[in-house]
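Asks: Encoded as structure tokens, here's the structure I'll be asking about.
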Amino acid sequence: MAIRRTSNNSINNAVKLSTGFASAAIPNTPTIGTATKVNDVSATVTYTAAVLGATASSFTALSSPGSLTGTGSSPITISGLTPDTAYTFTVRASNANGNSAYSTASNSITTDPISDSGAMFPLGMVQVGSAGSSSISFTSIPQTYTHLQLRIIARNTVADYETSMRVGNGSADSGSNYADHYLLGNGASVFANATTSATSAIIGIEGNTTSNYSAYVCDILDYANTNKYKTFRTLNGVDKNGSGSIRLQSGLWQSTSAINTIELFHAAGNFEQYTSVALYGIKGA
């Protein structure tokens with residue numbers, strides 16, 4: 001029987017071919033894993049690298065729709081997505097020789113709607129006419145927000161008189177259930193005071209110089225919470241072209257009732273024409 005001998009050259013050529021292909025090989029396609037939404041604009045996707053074939057040096061995830069990409073190890077994060085949109089993802093492997101084909105598509109995920117935490121929503125506005133007004137009220141305030149904010153531009157018919165606020169559920173509470181502290185400065189001196197068991201909360205001070213209006217921002221925190229007293233925080237200032245003041249105020253309504261009514265008034269004088277008060281609801285965590 002004849003025995004065929006393989007030459008050393010043939011063996012060497014086979015080794016060269018083998019090592020040549022290996023050095024020029026691209027990675028095999030990874031196996032897709034699970035896609036998970038993170039928030040309104042990002043998601044993650046997992047994958048498993050192929051066991052056989054050339055080694056990958058990087059992995060890229062691709063979104064559909066949008067063709068947005070992310071790179072890294074598993075899980076890969078893909079950012080810049082559109083809120084409230086359905087996506088699937090594929091993943092490919094790469095090395096210095098090139099890229100694998102993309103994997104099959106992942107499960108579908110839907111990003112969250114746009115987050116509105118901290119957003120402000122207008123609930124109402126009152127502007128005083130030429131006849132003036134003794135009070136300004138908001139009623140039937142919806143209970144779907146976390147906080148309320150009043151933005152006030154006001155002038156009183158009586159000089160340097162304080163604006164008071166009452167709140168309540170169904171009607172404004174006029175009982176002795178309010179307390180407040182304030183710090184006031186006028187550029188030359190500073191004043192501080194505290195009030196307890198009052199029938200209203202003071203939220204600021206106004207002048208009555210022609211065309212000079214005071215400005216307020218008053219936050220009413222956790223207004224719909226029925227497990228705690230309600231806290232007010234106010235920043236108020238008035239300038240009169242040479243005189244004026246700025247005031248920081250903290251107030252408390254000692255009731256656990258939800259607030260759906262707000263009343264603003266003065267112990268003396270009326271709100272003058274062009275006084276305006278806007279009420280906003282604030283979303284929050």
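Numbering starts fresh at 1 for the residues of each chain in the structure tokens, the chains themselves are lettered A, B, ... in the order given, and ligands are numbered from 1 as they appear.
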Do you know which residues are at most 9 Å from Leu235 (chain A) counting only C-alpha atoms, after dropping those on the same chain fewer than 6 positions away, and could you put them as a list in words?

Replies: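 Neighbouring residues, sequence-local ones excluded: Ile203, Gly204, Ala215, Tyr216, Val217, Cys218, Ile246, Arg247, Leu248 and Gln249 of chain A.
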
Asks: Could those residues be written to a file, using C-alpha atoms, as a compact mmCIF listing (two decimals), in the first residue's frame?

Replies:
```txt
# COMPACT_ATOMS: atom_id res chain seq x y z
CA ILE A 203 -47.31 88.03 53.75
CA GLY A 204 -45.88 91.46 52.98
CA ALA A 215 -43.92 92.68 44.49
CA TYR A 216 -44.46 89.36 46.24
CA VAL A 217 -43.71 85.71 45.67
CA CYS A 218 -45.50 83.51 48.20
CA ILE A 246 -37.43 94.07 51.53
CA ARG A 247 -39.11 91.46 53.68
CA LEU A 248 -38.72 87.74 54.29
CA GLN A 249 -41.77 86.09 55.83
```

Asks: Taking 5 positions as the minimum chain separation for residues in the same chain, which residues sit within 6 Å of region 31-40 of chain A when counting only C-alpha atoms? Answer as JSON, numbers by chain.

Replies: {"A": [45, 46, 47, 48, 83, 111, 112, 113, 114]}

Asks: Take the residues from that selection and put them in a file with C-alpha atoms, as a CSV table (one decimal), in the first residue's frame.

Replies:
```csv
chain,number,residue,atom,x,y,z
A,45,VAL,CA,-29.9,47.0,26.8
A,46,THR,CA,-27.9,43.9,27.8
A,47,TYR,CA,-26.1,41.5,25.5
A,48,THR,CA,-23.8,38.4,25.6
A,83,PRO,CA,-40.1,60.8,25.6
A,111,THR,CA,-39.7,55.8,27.4
A,112,ASP,CA,-41.5,57.7,30.2
A,113,PRO,CA,-43.5,60.8,29.4
A,114,ILE,CA,-41.8,64.2,29.9
```

Asks: From the list A:Glu263, A:Glu206, A:Asp173, A:Asp116, which residue is nearest Thr275 (chain A) when using only C-alpha atoms?

Replies: A:Glu206

Asks: Based on the backbone DSSP call, show me all residues of region 75-186 of chain A assigned strand (DSSP E or B), as number ranges by chain.

Replies: A: 76-79, 86-95, 98-99, 109-110, 120-127, 133, 135-138, 147-154, 156, 161-168, 178-185

Asks: CA of Thr85 (chain A) to CA of Ser108 (chain A): how many Å, to one decimal?

Replies: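 So the two atoms, CA of Thr85 (chain A) and CA of Ser108 (chain A), lie 10.0 Å apart.
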
Asks: Go through A:Ile136, A:Met165, A:Ala192, A:Ile141 one by one, measure the shortest atom-to-atom distance of each to Ile259 (chain A) using only C-alpha atoms, and give the residue with the smallest value.

Replies: A:Ile141

Asks: Do you have the CA of Gly124 (chain A)-CA of Ala179 (chain A) distance handy?

Replies: 26.4 Å

Asks: Pull the closest atom pair for each residue of region 84-128 of chain A that gets at most 10 Å from region 147-161 of chain A, along with the distance in Å to one decimal, counting only C-alpha atoms, ordering rows by chain and then ascending residue number, as CSV.

Replies:
```
residue,atom,partner,partner_atom,distance
A:Gly118,CA,A:His147,CA,9.4
A:Met120,CA,A:Gln149,CA,8.6
A:Phe121,CA,A:Leu148,CA,9.5
A:Pro122,CA,A:Gln149,CA,9.5
A:Leu123,CA,A:Leu148,CA,9.4
A:Gly124,CA,A:Leu150,CA,9.9
A:Met125,CA,A:Arg151,CA,9.4
A:Val126,CA,A:Ile152,CA,9.7
A:Gln127,CA,A:Ile153,CA,9.5
A:Val128,CA,A:Ala154,CA,9.3
```

Asks: In Å, rounded to a single decimal, give me how far CA of Leu81 (chain A) is from CA of Ala96 (chain A).

Replies: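 Pair CA of Ala96 (chain A) / CA of Leu81 (chain A) returns 29.0 Å.
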
Asks: Name the residues in contact with His266 (chain A) at a cut-off of 8 Å, using only C-alpha atoms, excluding same-chain residues fewer than 6 positions from it; report them as a list of chain:residue names.

Replies: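 These residues fall inside the cut-off: A:Ser134, A:Ser135, A:Tyr161, A:Glu162, A:Thr163, A:Ser164.
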
Asks: I need the chosen residues saved as a compact mmCIF listing (two decimals), in the first residue's frame, with C-alpha atoms.

Replies:
```
# COMPACT_ATOMS: atom_id res chain seq x y z
CA SER A 134 -61.09 95.23 49.42
CA SER A 135 -59.98 91.61 48.91
CA TYR A 161 -49.80 98.72 55.22
CA GLU A 162 -49.46 94.96 55.45
CA THR A 163 -51.17 92.44 53.21
CA SER A 164 -52.77 89.54 55.07
```

Asks: Report as a ChimeraX atom specification all protein, DNA and RNA residues lying within 6 Å of Gly185 (chain A), evaluated on only C-alpha atoms, omitting residues in the same chain fewer than 4 positions from it.

Replies: /A:189-190,245-246

Asks: Choose the residue, out of A:Leu252, A:Val277, A:Ala267, A:Ala54, that has the smallest atom-to-atom separation from Lys228 (chain A); count only C-alpha atoms.

Replies: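 Comparing A:Leu252, A:Val277, A:Ala267, A:Ala54 against Lys228 (chain A), the winner is A:Leu252.
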